[in-house]
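**Q** Below you'll find coords-v3.cif; it's mmCIF, C-alpha atoms.
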data_entry
loop_
_atom_site.label_atom_id
_atom_site.label_comp_id
_atom_site.auth_asym_id
_atom_site.auth_seq_id
_atom_site.Cartn_x
_atom_site.Cartn_y
_atom_site.Cartn_z
CA GLY A 1 143.01 226.72 25.39
CA ALA A 2 145.16 223.60 25.32
CA ASP A 3 144.22 219.96 24.91
CA PHE A 4 145.83 218.02 27.77
CA ALA A 5 146.31 214.26 27.58
CA ARG A 6 143.27 212.38 28.79
CA ASN A 7 144.75 210.75 31.87
CA GLY A 8 142.15 211.42 34.54
CA GLN A 9 140.88 214.60 36.15
CA ASN A 10 143.54 216.87 34.59
CA SER A 11 142.60 216.20 30.98
CA GLY A 12 140.83 217.59 27.97
CA VAL A 13 140.73 221.19 26.73
CA GLN A 14 141.60 223.77 29.38
CA ASP A 15 141.34 227.56 29.13
CA LEU A 16 144.46 229.73 29.13
CA ILE A 17 143.99 232.46 31.74
CA HIS A 18 147.42 234.07 32.15
CA ILE A 19 150.97 234.24 30.75
CA ASP A 20 154.05 235.24 32.75
CA TRP A 21 157.52 236.01 31.42
CA LYS A 22 160.51 235.40 33.69
CA VAL A 23 164.15 236.46 33.27
CA ARG A 24 166.03 234.25 34.13
CA SER A 25 164.23 230.92 34.29
CA GLU A 26 162.59 229.82 37.53
CA HIS A 27 163.13 226.15 36.67
CA LYS A 28 166.33 224.26 36.02
CA LEU A 29 166.77 221.04 34.06
CA CYS A 30 169.57 218.85 35.32
CA GLY A 31 171.15 221.88 37.02
CA LYS A 32 170.95 224.13 33.95
CA GLN A 33 169.26 227.51 34.29
CA TYR A 34 167.94 229.13 31.12
CA ASP A 35 167.95 232.74 29.93
CA ALA A 36 164.18 233.17 30.29
CA GLU A 37 160.94 231.28 30.77
CA MET A 38 157.37 231.60 29.55
CA GLN A 39 154.77 230.33 32.01
CA LEU A 40 151.22 229.60 30.85
CA TYR A 41 148.46 229.09 33.41
CA TYR A 42 145.37 227.05 32.55
CA LEU A 43 142.17 226.63 34.54
CA HIS A 44 140.37 223.31 34.20
CA GLN A 45 136.58 223.17 34.24
CA TYR A 46 136.77 221.33 37.58
CA GLY A 47 138.92 224.05 39.15
CA ASN A 48 142.36 222.47 38.71
CA LEU A 49 145.16 224.94 38.02
CA GLU A 50 147.70 223.76 35.45
CA ALA A 51 150.95 225.51 34.51
CA VAL A 52 153.04 224.88 31.42
CA SER A 53 156.60 226.21 31.28
CA VAL A 54 158.54 226.82 28.08
CA LEU A 55 162.22 227.42 28.85
CA ILE A 56 164.11 229.85 26.61
CA ASN A 57 167.67 229.80 25.29
CA ALA A 58 168.96 233.10 23.89
CA ASP A 59 171.67 231.56 21.73
CA GLY A 60 169.90 231.40 18.38
CA GLU A 61 171.68 232.48 15.20
CA ALA A 62 168.49 233.71 13.51
CA PRO A 63 165.60 235.61 15.14
CA ASN A 64 162.54 233.69 16.24
CA ASP A 65 159.95 235.29 13.95
CA HIS A 66 156.93 234.19 15.97
CA PHE A 67 158.44 235.49 19.22
CA GLN A 68 159.35 238.76 17.47
CA LYS A 69 155.71 239.28 16.52
CA MET A 70 154.85 239.37 20.22
CA LEU A 71 157.77 241.69 21.00
CA ASP A 72 156.71 244.12 18.26
CA PHE A 73 153.17 244.31 19.65
CA PHE A 74 154.37 245.14 23.16
CA GLN A 75 156.95 247.56 21.77
CA LEU A 76 154.05 249.58 20.38
CA LYS A 77 152.40 249.68 23.82
CA PHE A 78 155.76 250.50 25.45
CA ASN A 79 156.32 253.44 23.09
CA ALA A 80 152.78 254.79 23.45
CA ASP A 81 152.91 254.74 27.27
CA LYS A 82 156.34 256.38 27.25
CA SER A 83 155.06 259.06 24.87
CA GLN A 84 152.09 259.81 27.13
CA CYS A 85 154.42 260.01 30.12
CA ARG A 86 156.66 262.52 28.36
CA ARG A 87 153.68 264.68 27.49
CA ARG A 88 152.92 264.76 31.22
CA GLN A 89 156.53 265.69 31.89
CA ARG A 90 156.33 268.61 29.49
CA ARG A 91 153.09 269.72 31.12
CA ALA A 92 154.77 269.53 34.54
CA ARG A 93 157.64 271.72 33.32
CA ALA A 94 155.12 274.20 31.87
CA LEU A 95 153.23 274.32 35.18
CA LEU A 96 156.45 274.92 37.10
CA SER A 97 157.41 277.65 34.67
CA ASN A 98 154.01 279.33 35.10
CA LYS A 99 154.32 278.99 38.87
CA SER A 100 157.71 280.69 38.87
CA SER A 101 156.44 283.49 36.64
CA THR A 102 153.41 284.06 38.88
CA GLN A 103 155.55 284.19 42.02
CA LEU A 104 157.88 286.71 40.39
CA ARG A 105 154.86 288.90 39.61
CA GLY A 106 153.76 288.65 43.24
CA GLY A 107 150.62 286.59 42.57
CA SER A 108 149.50 283.19 43.87
CA ALA A 109 150.32 279.85 42.35
CA SER A 110 147.23 277.68 42.77
CA SER A 111 148.69 274.88 40.65
CA SER A 112 151.91 274.52 42.67
CA SER A 113 151.00 271.20 44.30
CA GLU A 114 149.93 269.72 40.97
CA ALA A 115 153.13 270.92 39.33
CA ASP A 116 155.29 269.55 42.14
CA GLU A 117 153.59 266.17 41.93
CA GLU A 118 153.99 265.91 38.17
CA PHE A 119 157.60 267.06 38.36
CA GLU A 120 158.29 264.38 40.98
CA ASN A 121 156.87 261.77 38.60
CA TYR A 122 158.98 263.27 35.82
CA ASN A 123 162.13 262.75 37.90
CA ALA A 124 161.10 259.19 38.80
CA ALA A 125 160.76 258.24 35.14
CA GLU A 126 164.11 259.58 33.98
CA SER A 127 166.63 256.82 33.25
CA PRO A 128 169.79 256.62 31.14
CA PRO A 129 169.50 254.99 27.71
CA SER A 130 170.27 251.28 27.62
CA GLU A 131 171.58 248.81 25.09
CA ALA A 132 168.03 247.86 24.19
CA ASP A 133 167.13 251.41 23.08
CA GLU A 134 169.06 251.01 19.85
CA GLY A 135 166.96 250.27 16.82
CA PHE A 136 163.54 250.95 18.38
CA GLN A 137 161.61 253.98 17.14
CA ASP A 138 159.82 255.91 19.84
CA PHE A 139 156.57 257.75 19.18
CA ASP A 140 158.16 260.75 20.88
CA GLU A 141 160.36 261.23 17.83
CA LEU A 142 157.15 262.44 16.13
CA ASP A 143 155.95 264.30 19.20
CA SER A 144 157.01 267.88 18.56
CA PRO A 145 154.05 270.26 18.85
CA PRO A 146 154.25 273.12 16.35
CA SER A 147 153.31 275.64 19.02
CA ARG A 148 152.98 275.82 22.79
CA GLY A 149 149.59 274.78 24.16
CA ASN A 150 148.34 273.41 20.85
CA ASN A 151 145.50 271.19 22.09
CA LEU A 152 144.40 270.38 18.55
CA TYR A 153 147.76 268.74 17.85
CA GLN A 154 147.54 266.73 21.08
CA ASN A 155 144.02 265.51 20.24
CA ILE A 156 145.05 264.43 16.76
CA GLN A 157 148.07 262.59 18.07
CA ASN A 158 146.08 260.86 20.83
CA ARG A 159 143.52 259.71 18.27
CA PHE A 160 146.29 258.38 16.04
CA LEU A 161 147.76 256.36 18.91
CA ARG A 162 144.37 254.91 19.84
CA LEU A 163 143.70 253.89 16.24
CA ALA A 164 147.17 252.31 15.99
CA HIS A 165 146.56 250.32 19.17
CA ARG A 166 143.15 249.17 17.95
CA ARG A 167 144.50 248.10 14.57
CA GLU A 168 147.40 246.20 16.10
CA ALA A 169 145.07 244.45 18.55
CA ILE A 170 142.85 243.33 15.66
CA ASP A 171 145.75 242.22 13.45
CA LEU A 172 147.64 240.32 16.13
CA ARG A 173 146.98 236.60 16.28
CA TRP A 174 149.67 235.14 18.51
CA ASP A 175 149.69 231.47 19.54
CA PRO A 176 151.79 231.00 22.72
CA MET A 177 152.32 227.34 21.78
CA GLU A 178 153.10 227.80 18.09
CA PRO A 179 154.51 224.49 16.76
CA TRP A 180 158.27 224.43 16.16
CA GLU A 181 159.00 228.09 16.91
CA VAL A 182 157.71 227.84 20.50
CA GLN A 183 156.49 224.32 21.23
CA LYS A 184 159.04 221.89 19.81
CA THR A 185 157.82 218.82 21.68
CA VAL A 186 154.82 217.29 23.45
CA HIS A 187 157.04 215.75 26.14
CA PHE A 188 157.78 217.24 29.54
CA TRP A 189 158.89 216.99 33.14
CA ALA A 190 156.09 217.25 35.71
CA TYR A 191 155.55 217.85 39.41
CA THR A 192 153.04 219.42 41.79
CA GLY A 193 154.10 222.78 43.22
CA SER A 194 152.85 226.34 43.58
CA THR A 195 152.56 229.58 41.68
CA THR A 196 155.83 231.53 41.82
CA GLU A 197 154.35 234.86 42.89
CA PRO A 198 152.44 235.77 46.08
CA PRO A 199 150.20 234.39 47.43
CA CYS A 200 151.94 231.28 45.97
CA PHE A 201 148.89 229.03 45.59
CA GLU A 202 149.69 225.36 46.20
CA ASP A 203 148.62 222.25 44.29
CA VAL A 204 149.55 223.60 40.86
CA LYS A 205 150.26 220.88 38.30
CA TRP A 206 153.44 221.94 36.48
CA ARG A 207 154.64 220.66 33.11
CA ILE A 208 158.11 221.78 32.02
CA MET A 209 158.56 221.22 28.28
CA ASP A 210 161.81 219.32 27.74
CA VAL A 211 162.89 221.17 24.57
CA PRO A 212 163.51 224.94 25.07
CA MET A 213 162.43 227.68 22.72
CA THR A 214 165.32 229.47 20.99
CA ILE A 215 165.60 233.23 20.50
CA THR A 216 168.54 235.55 19.81
CA HIS A 217 170.42 237.67 22.32
CA PRO A 218 169.02 240.95 20.85
CA GLN A 219 165.51 239.55 21.30
CA LEU A 220 166.30 238.79 24.96
CA ILE A 221 167.57 242.36 25.41
CA GLN A 222 164.36 243.73 23.89
CA LEU A 223 162.25 241.51 26.18
CA LYS A 224 164.10 242.79 29.25
CA LYS A 225 163.70 246.38 28.07
CA LEU A 226 159.94 245.96 27.62
CA MET A 227 159.58 244.32 31.03
CA PHE A 228 161.91 246.39 33.19
CA ASP A 229 161.76 249.89 31.64
CA HIS A 230 158.04 250.19 30.96
CA VAL A 231 156.45 253.18 32.69
CA ASP A 232 152.87 253.77 33.78
CA PRO A 233 151.49 256.42 31.40
CA ASN A 234 149.67 258.19 34.25
CA THR A 235 152.32 258.20 36.97
CA CYS A 236 155.51 257.90 34.87
CA LYS A 237 156.77 255.32 37.36
CA LYS A 238 158.20 251.98 36.30
CA THR A 239 155.73 249.11 36.51
CA SER A 240 158.16 246.24 37.06
CA THR A 241 159.65 244.86 40.24
CA HIS A 242 163.00 243.26 39.53
CA TYR A 243 166.51 242.88 40.90
CA GLU A 244 169.73 242.81 38.87
CA GLU A 245 167.79 242.51 35.60
CA SER A 246 165.80 239.51 36.81
CA ASN A 247 162.21 239.11 37.98
CA ALA A 248 162.56 235.38 38.67
CA ARG A 249 161.99 233.84 42.07
CA PRO A 250 165.10 231.92 43.16
CA VAL A 251 164.92 228.21 42.43
CA GLN A 252 163.36 226.53 45.45
CA PRO A 253 164.84 223.49 47.23
CA TYR A 254 163.20 220.12 46.69
CA ARG A 255 160.40 219.63 49.23
CA GLY A 256 159.42 216.09 48.40
CA GLY A 257 156.71 214.79 46.11
CA ASP A 258 156.78 212.96 42.81
CA ILE A 259 158.74 214.26 39.83
CA TYR A 260 158.14 212.36 36.65
CA ARG A 261 159.04 212.69 33.00
CA CYS A 262 156.93 211.94 29.96
CA LYS A 263 159.25 210.85 27.12
CA ARG A 264 158.78 209.68 23.56
CA SER A 265 158.96 206.11 24.79
CA ASP A 266 155.98 206.82 27.07
CA TYR A 267 153.66 208.84 24.89
CA ALA A 268 153.06 209.29 21.17
CA SER A 269 151.89 212.56 19.67
CA ASP A 270 148.81 212.64 17.45
CA LEU A 271 150.97 212.81 14.30
CA GLU A 272 153.08 209.87 15.47
CA ARG A 273 149.97 207.80 16.16
CA VAL A 274 148.68 208.44 12.65
CA ALA A 275 152.08 207.59 11.10
CA SER A 276 152.60 204.38 13.08
CA GLY A 277 149.15 203.17 13.95
CA ARG A 278 150.25 202.88 17.58
CA ARG A 279 148.57 204.57 20.54
CA ARG A 280 151.41 204.29 23.06
CA GLY A 281 155.03 205.30 23.03
CA PHE A 282 157.88 203.92 20.93
CA VAL A 283 160.15 201.61 22.88
CA LEU A 284 161.42 199.51 19.99
CA ARG A 285 162.74 201.55 17.08
CA GLU A 286 161.90 198.83 14.53
CA LYS A 287 158.21 199.29 15.33
CA TRP A 288 158.13 203.02 14.56
CA LYS A 289 157.10 202.51 10.89
CA GLY A 290 157.20 205.93 9.26
CA VAL A 291 157.64 207.92 12.45
CA ASP A 292 161.25 208.66 11.43
CA MET A 293 159.85 210.76 8.57
CA LEU A 294 158.26 213.20 11.05
CA ASP A 295 160.06 216.23 12.43
CA TYR A 296 161.43 215.56 15.89
CA VAL A 297 163.66 217.61 18.21
CA GLU A 298 165.80 215.63 20.62
CA PRO A 299 165.62 216.92 24.23
CA GLU A 300 168.77 218.32 25.83
CA PHE A 301 168.95 215.54 28.42
CA PRO A 302 167.58 212.45 26.62
CA ASP A 303 169.11 209.82 28.92
CA VAL A 304 168.01 211.21 32.29
#
Using structure tokens, write down the structure from this file.
**A**
Amino acid sequence: GADFARNGQNSGVQDLIHIDWKVRSEHKLCGKQYDAEMQLYYLHQYGNLEAVSVLINADGEAPNDHFQKMLDFFQLKFNADKSQCRRRQRRARALLSNKSSTQLRGGSASSSSEADEEFENYNAAESPPSEADEGFQDFDELDSPPSRGNNLYQNIQNRFLRLAHRREAIDLRWDPMEPWEVQKTVHFWAYTGSTTEPPCFEDVKWRIMDVPMTITHPQLIQLKKLMFDHVDPNTCKKTSTHYEESNARPVQPYRGGDIYRCKRSDYASDLERVASGRRRGFVLREKWKGVDMLDYVEPEFPDV
């Protein structure tokens, strides 16, 4: 969960219930659209729905190590599902081959409908390699059965994949608001809007962090690959709905309502309060007293 400022009904620790990734961003700051956006949804104990948005710039010189940890975890899932899909494709080709052989011998082909269905899924999953394929090992590179119909090999491989998934799930501890690599500030823009996907629930309290997270362009490419090329392991059909390499809802026109900004002059972080002895923001620089020694990232639009 996250500890929201105690300013009334939307305060205290709230539980994180969902994370969405958007390419490109669904919010703009001062007319600027970002390469991607992470949206975190929190449910307050009184039923209030809060959303925190971390905008993402893909212009970093060095990889974001914390972000890469998340990408690596989902790359494992991506590869495992793709591997299972390809095993279904091979089975479909084998069924079609058996069907053809049976028809040539003058017999019946009871599995024809099943073969046709799996072959249709096989065709739906075929796609040309993309830029993001480079550098990522696929489990299928190890998926070469020593002999046709070797169920023992399949069982061993399936067990290996399950164990790998279980171990990764245990080892992964990923904080979506990791200080400095993800969350570089406690300050934000805020308004009341809606969720960005149907049924578009209203009265969502949005906070848009005013310092974006930075990743590299190859990391953005990998994120898009994981989102847009993932296939369902059972149907071999892609699981994402997107258009022109974007799953973001177009930025909506302003419909009225308050938009406000919480800046450093309005609110002090916990570390700043300890360093200065002050509970409110820092209007006069000469009263900061030690706050200058703390790490601080200036927002992109400080004077707005």
**Q** Distance CA of Val23 in chain A-CA of Ser246 in chain A, one decimal place?
**A**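 Result for CA of Val23 in chain A versus CA of Ser246 in chain A: 5.0 Å, one decimal.
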**Q** Mind telling me what the PyMOL selection byres ((chain A and resi 61) around 9) catches here, as a list in words?
**A**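 With the shown file as input, the PyMOL selection byres ((chain A and resi 61) around 9) matches Asp59, Gly60, Ala62, Pro63, Ile215, Thr216 and His217 of chain A.
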**Q** Within 12 Å of (162.7, 227.8, 44.0), in the coordinates the file gives, what residues turn up when you count only C-alpha atoms, written out as a PDB file with C-alpha atoms, in the frame of the given file?
**A**
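So selection36.pdb came out as:
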ATOM      1  CA  SER A  25     164.230 230.920  34.290  1.00  0.00           C
ATOM      2  CA  GLU A  26     162.590 229.820  37.530  1.00  0.00           C
ATOM      3  CA  HIS A  27     163.130 226.150  36.670  1.00  0.00           C
ATOM      4  CA  LYS A  28     166.330 224.260  36.020  1.00  0.00           C
ATOM      5  CA  GLN A  33     169.260 227.510  34.290  1.00  0.00           C
ATOM      6  CA  GLY A 193     154.100 222.780  43.220  1.00  0.00           C
ATOM      7  CA  SER A 194     152.850 226.340  43.580  1.00  0.00           C
ATOM      8  CA  THR A 195     152.560 229.580  41.680  1.00  0.00           C
ATOM      9  CA  THR A 196     155.830 231.530  41.820  1.00  0.00           C
ATOM     10  CA  GLU A 197     154.350 234.860  42.890  1.00  0.00           C
ATOM     11  CA  CYS A 200     151.940 231.280  45.970  1.00  0.00           C
ATOM     12  CA  ALA A 248     162.560 235.380  38.670  1.00  0.00           C
ATOM     13  CA  ARG A 249     161.990 233.840  42.070  1.00  0.00           C
ATOM     14  CA  PRO A 250     165.100 231.920  43.160  1.00  0.00           C
ATOM     15  CA  VAL A 251     164.920 228.210  42.430  1.00  0.00           C
ATOM     16  CA  GLN A 252     163.360 226.530  45.450  1.00  0.00           C
ATOM     17  CA  PRO A 253     164.840 223.490  47.230  1.00  0.00           C
ATOM     18  CA  TYR A 254     163.200 220.120  46.690  1.00  0.00           C
ATOM     19  CA  ARG A 255     160.400 219.630  49.230  1.00  0.00           C
TER      20      ARG A 255
END
**Q** How many Å separate CA of Leu220 in chain A from CA of Asn79 in chain A?
**A** 17.8 Å
**Q** Calculated over only C-alpha atoms, which of the candidates A:Gln89, A:Ser240, A:Gln75, A:Ser53 has the smallest distance to Tyr191 in chain A?
**A** A:Ser53
**Q** List the spatial neighbours of Ala51 in chain A as a tab-separated table (two decimals) with C-alpha atoms, in the frame of the given file - criterion: any atom at most 12 Å away, only C-alpha atoms, same-chain residues fewer than 4 positions off excluded.
**A**
chain	number	residue	atom	x	y	z
A	2	ALA	CA	145.16	223.60	25.32
A	4	PHE	CA	145.83	218.02	27.77
A	10	ASN	CA	143.54	216.87	34.59
A	14	GLN	CA	141.60	223.77	29.38
A	15	ASP	CA	141.34	227.56	29.13
A	16	LEU	CA	144.46	229.73	29.13
A	17	ILE	CA	143.99	232.46	31.74
A	18	HIS	CA	147.42	234.07	32.15
A	19	ILE	CA	150.97	234.24	30.75
A	20	ASP	CA	154.05	235.24	32.75
A	38	MET	CA	157.37	231.60	29.55
A	39	GLN	CA	154.77	230.33	32.01
A	40	LEU	CA	151.22	229.60	30.85
A	41	TYR	CA	148.46	229.09	33.41
A	42	TYR	CA	145.37	227.05	32.55
A	43	LEU	CA	142.17	226.63	34.54
A	44	HIS	CA	140.37	223.31	34.20
A	188	PHE	CA	157.78	217.24	29.54
A	189	TRP	CA	158.89	216.99	33.14
A	190	ALA	CA	156.09	217.25	35.71
A	191	TYR	CA	155.55	217.85	39.41
A	192	THR	CA	153.04	219.42	41.79
A	193	GLY	CA	154.10	222.78	43.22
A	194	SER	CA	152.85	226.34	43.58
A	195	THR	CA	152.56	229.58	41.68
A	196	THR	CA	155.83	231.53	41.82
A	201	PHE	CA	148.89	229.03	45.59
A	202	GLU	CA	149.69	225.36	46.20
A	203	ASP	CA	148.62	222.25	44.29
A	204	VAL	CA	149.55	223.60	40.86
A	205	LYS	CA	150.26	220.88	38.30
A	206	TRP	CA	153.44	221.94	36.48
A	207	ARG	CA	154.64	220.66	33.11
A	208	ILE	CA	158.11	221.78	32.02
A	209	MET	CA	158.56	221.22	28.28
**Q** Quick check, in Å to one decimal: how far apart do CA of Cys85 in chain A and CA of Ile221 in chain A lie?
**A**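 Pair CA of Cys85 in chain A / CA of Ile221 in chain A returns 22.5 Å.
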**Q** So which residues get picked by the PyMOL selection byres ((chain A and resi 302) around 12) here, written as a PyMOL selection string?
**A** chain A and resi 29-30+187-189+210-211+261-265+297-301+303-304
**Q** Residues within 12 Å of Glu178 in chain A, please, as a list in words. Count only C-alpha atoms; anything in the same chain fewer than 3 positions from it doesn't count.
**A**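 Returned residues: Ala2, Val54, Asn64, Asp65, His66, Phe67, Lys69, Met70, Arg173, Trp174, Asp175, Glu181, Val182, Gln183, Lys184, Thr185, Val186 and Met213 of chain A.
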**Q** For range 220-233 of chain A, take all atoms listed in the file, fit an axis-aligned box around them, add 5 Å to each of the six sides, then output centre and edge lengths in Å rounded to one decimal, as JSON.
**A**
{"center_x": 159.5, "center_y": 247.6, "center_z": 28.8, "size_x": 26.1, "size_y": 27.6, "size_z": 19.9}
**Q** Starting from the shown file, work through the PyMOL selection byres ((chain A and resi 224-226) around 8) and note down what comes out as a ChimeraX atom specification.
**A** /A:23,74-75,78,132-133,220-223,227-230,245
**Q** Have a look at A:Ala94, A:Ala80, A:Val274, A:Met177 and name the one nearest to Asn234 in chain A; count all atoms listed in the file.
**A** A:Ala80
**Q** Since fewer atoms than expected are present, regenerate N, CA, C and O atoms for range 254-267 of chain A and write them as a PDB file, in the frame of the given file.
**A**
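What ended up in selection21.pdb:
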ATOM      1  N   TYR A 254     164.145 221.226  46.838  1.00  0.00           N
ATOM      2  CA  TYR A 254     163.200 220.120  46.690  1.00  0.00           C
ATOM      3  C   TYR A 254     162.508 219.841  48.023  1.00  0.00           C
ATOM      4  O   TYR A 254     163.157 219.691  49.046  1.00  0.00           O
ATOM      5  N   ARG A 255     161.175 219.807  47.996  1.00  0.00           N
ATOM      6  CA  ARG A 255     160.400 219.630  49.230  1.00  0.00           C
ATOM      7  C   ARG A 255     159.652 218.298  49.253  1.00  0.00           C
ATOM      8  O   ARG A 255     158.698 218.140  50.005  1.00  0.00           O
ATOM      9  N   GLY A 256     160.093 217.374  48.447  1.00  0.00           N
ATOM     10  CA  GLY A 256     159.420 216.090  48.400  1.00  0.00           C
ATOM     11  C   GLY A 256     158.337 216.066  47.334  1.00  0.00           C
ATOM     12  O   GLY A 256     158.042 217.066  46.690  1.00  0.00           O
ATOM     13  N   GLY A 257     157.730 214.936  47.137  1.00  0.00           N
ATOM     14  CA  GLY A 257     156.710 214.790  46.110  1.00  0.00           C
ATOM     15  C   GLY A 257     157.272 214.148  44.856  1.00  0.00           C
ATOM     16  O   GLY A 257     158.484 214.082  44.660  1.00  0.00           O
ATOM     17  N   ASP A 258     156.375 213.670  44.018  1.00  0.00           N
ATOM     18  CA  ASP A 258     156.780 212.960  42.810  1.00  0.00           C
ATOM     19  C   ASP A 258     157.221 213.928  41.716  1.00  0.00           C
ATOM     20  O   ASP A 258     156.603 214.971  41.501  1.00  0.00           O
ATOM     21  N   ILE A 259     158.297 213.586  41.052  1.00  0.00           N
ATOM     22  CA  ILE A 259     158.740 214.260  39.830  1.00  0.00           C
ATOM     23  C   ILE A 259     158.822 213.188  38.754  1.00  0.00           C
ATOM     24  O   ILE A 259     159.500 212.168  38.941  1.00  0.00           O
ATOM     25  N   TYR A 260     158.107 213.385  37.692  1.00  0.00           N
ATOM     26  CA  TYR A 260     158.140 212.360  36.650  1.00  0.00           C
ATOM     27  C   TYR A 260     158.371 213.021  35.288  1.00  0.00           C
ATOM     28  O   TYR A 260     158.218 214.235  35.131  1.00  0.00           O
ATOM     29  N   ARG A 261     158.732 212.193  34.339  1.00  0.00           N
ATOM     30  CA  ARG A 261     159.040 212.690  33.000  1.00  0.00           C
ATOM     31  C   ARG A 261     158.264 211.875  31.971  1.00  0.00           C
ATOM     32  O   ARG A 261     158.255 210.643  32.007  1.00  0.00           O
ATOM     33  N   CYS A 262     157.626 212.574  31.072  1.00  0.00           N
ATOM     34  CA  CYS A 262     156.930 211.940  29.960  1.00  0.00           C
ATOM     35  C   CYS A 262     157.825 212.047  28.728  1.00  0.00           C
ATOM     36  O   CYS A 262     158.095 213.153  28.239  1.00  0.00           O
ATOM     37  N   LYS A 263     158.321 210.895  28.247  1.00  0.00           N
ATOM     38  CA  LYS A 263     159.250 210.850  27.120  1.00  0.00           C
ATOM     39  C   LYS A 263     158.574 210.247  25.894  1.00  0.00           C
ATOM     40  O   LYS A 263     157.440 209.767  25.948  1.00  0.00           O
ATOM     41  N   ARG A 264     159.321 210.244  24.798  1.00  0.00           N
ATOM     42  CA  ARG A 264     158.780 209.680  23.560  1.00  0.00           C
ATOM     43  C   ARG A 264     158.465 208.194  23.698  1.00  0.00           C
ATOM     44  O   ARG A 264     157.560 207.681  23.051  1.00  0.00           O
ATOM     45  N   SER A 265     159.214 207.526  24.557  1.00  0.00           N
ATOM     46  CA  SER A 265     158.960 206.110  24.790  1.00  0.00           C
ATOM     47  C   SER A 265     157.700 205.867  25.614  1.00  0.00           C
ATOM     48  O   SER A 265     157.199 204.755  25.690  1.00  0.00           O
ATOM     49  N   ASP A 266     157.175 206.944  26.241  1.00  0.00           N
ATOM     50  CA  ASP A 266     155.980 206.820  27.070  1.00  0.00           C
ATOM     51  C   ASP A 266     154.704 207.242  26.350  1.00  0.00           C
ATOM     52  O   ASP A 266     153.620 206.736  26.640  1.00  0.00           O
ATOM     53  N   TYR A 267     154.851 208.208  25.451  1.00  0.00           N
ATOM     54  CA  TYR A 267     153.660 208.840  24.890  1.00  0.00           C
ATOM     55  C   TYR A 267     153.910 209.242  23.448  1.00  0.00           C
ATOM     56  O   TYR A 267     154.954 209.819  23.113  1.00  0.00           O
TER      57      TYR A 267
END
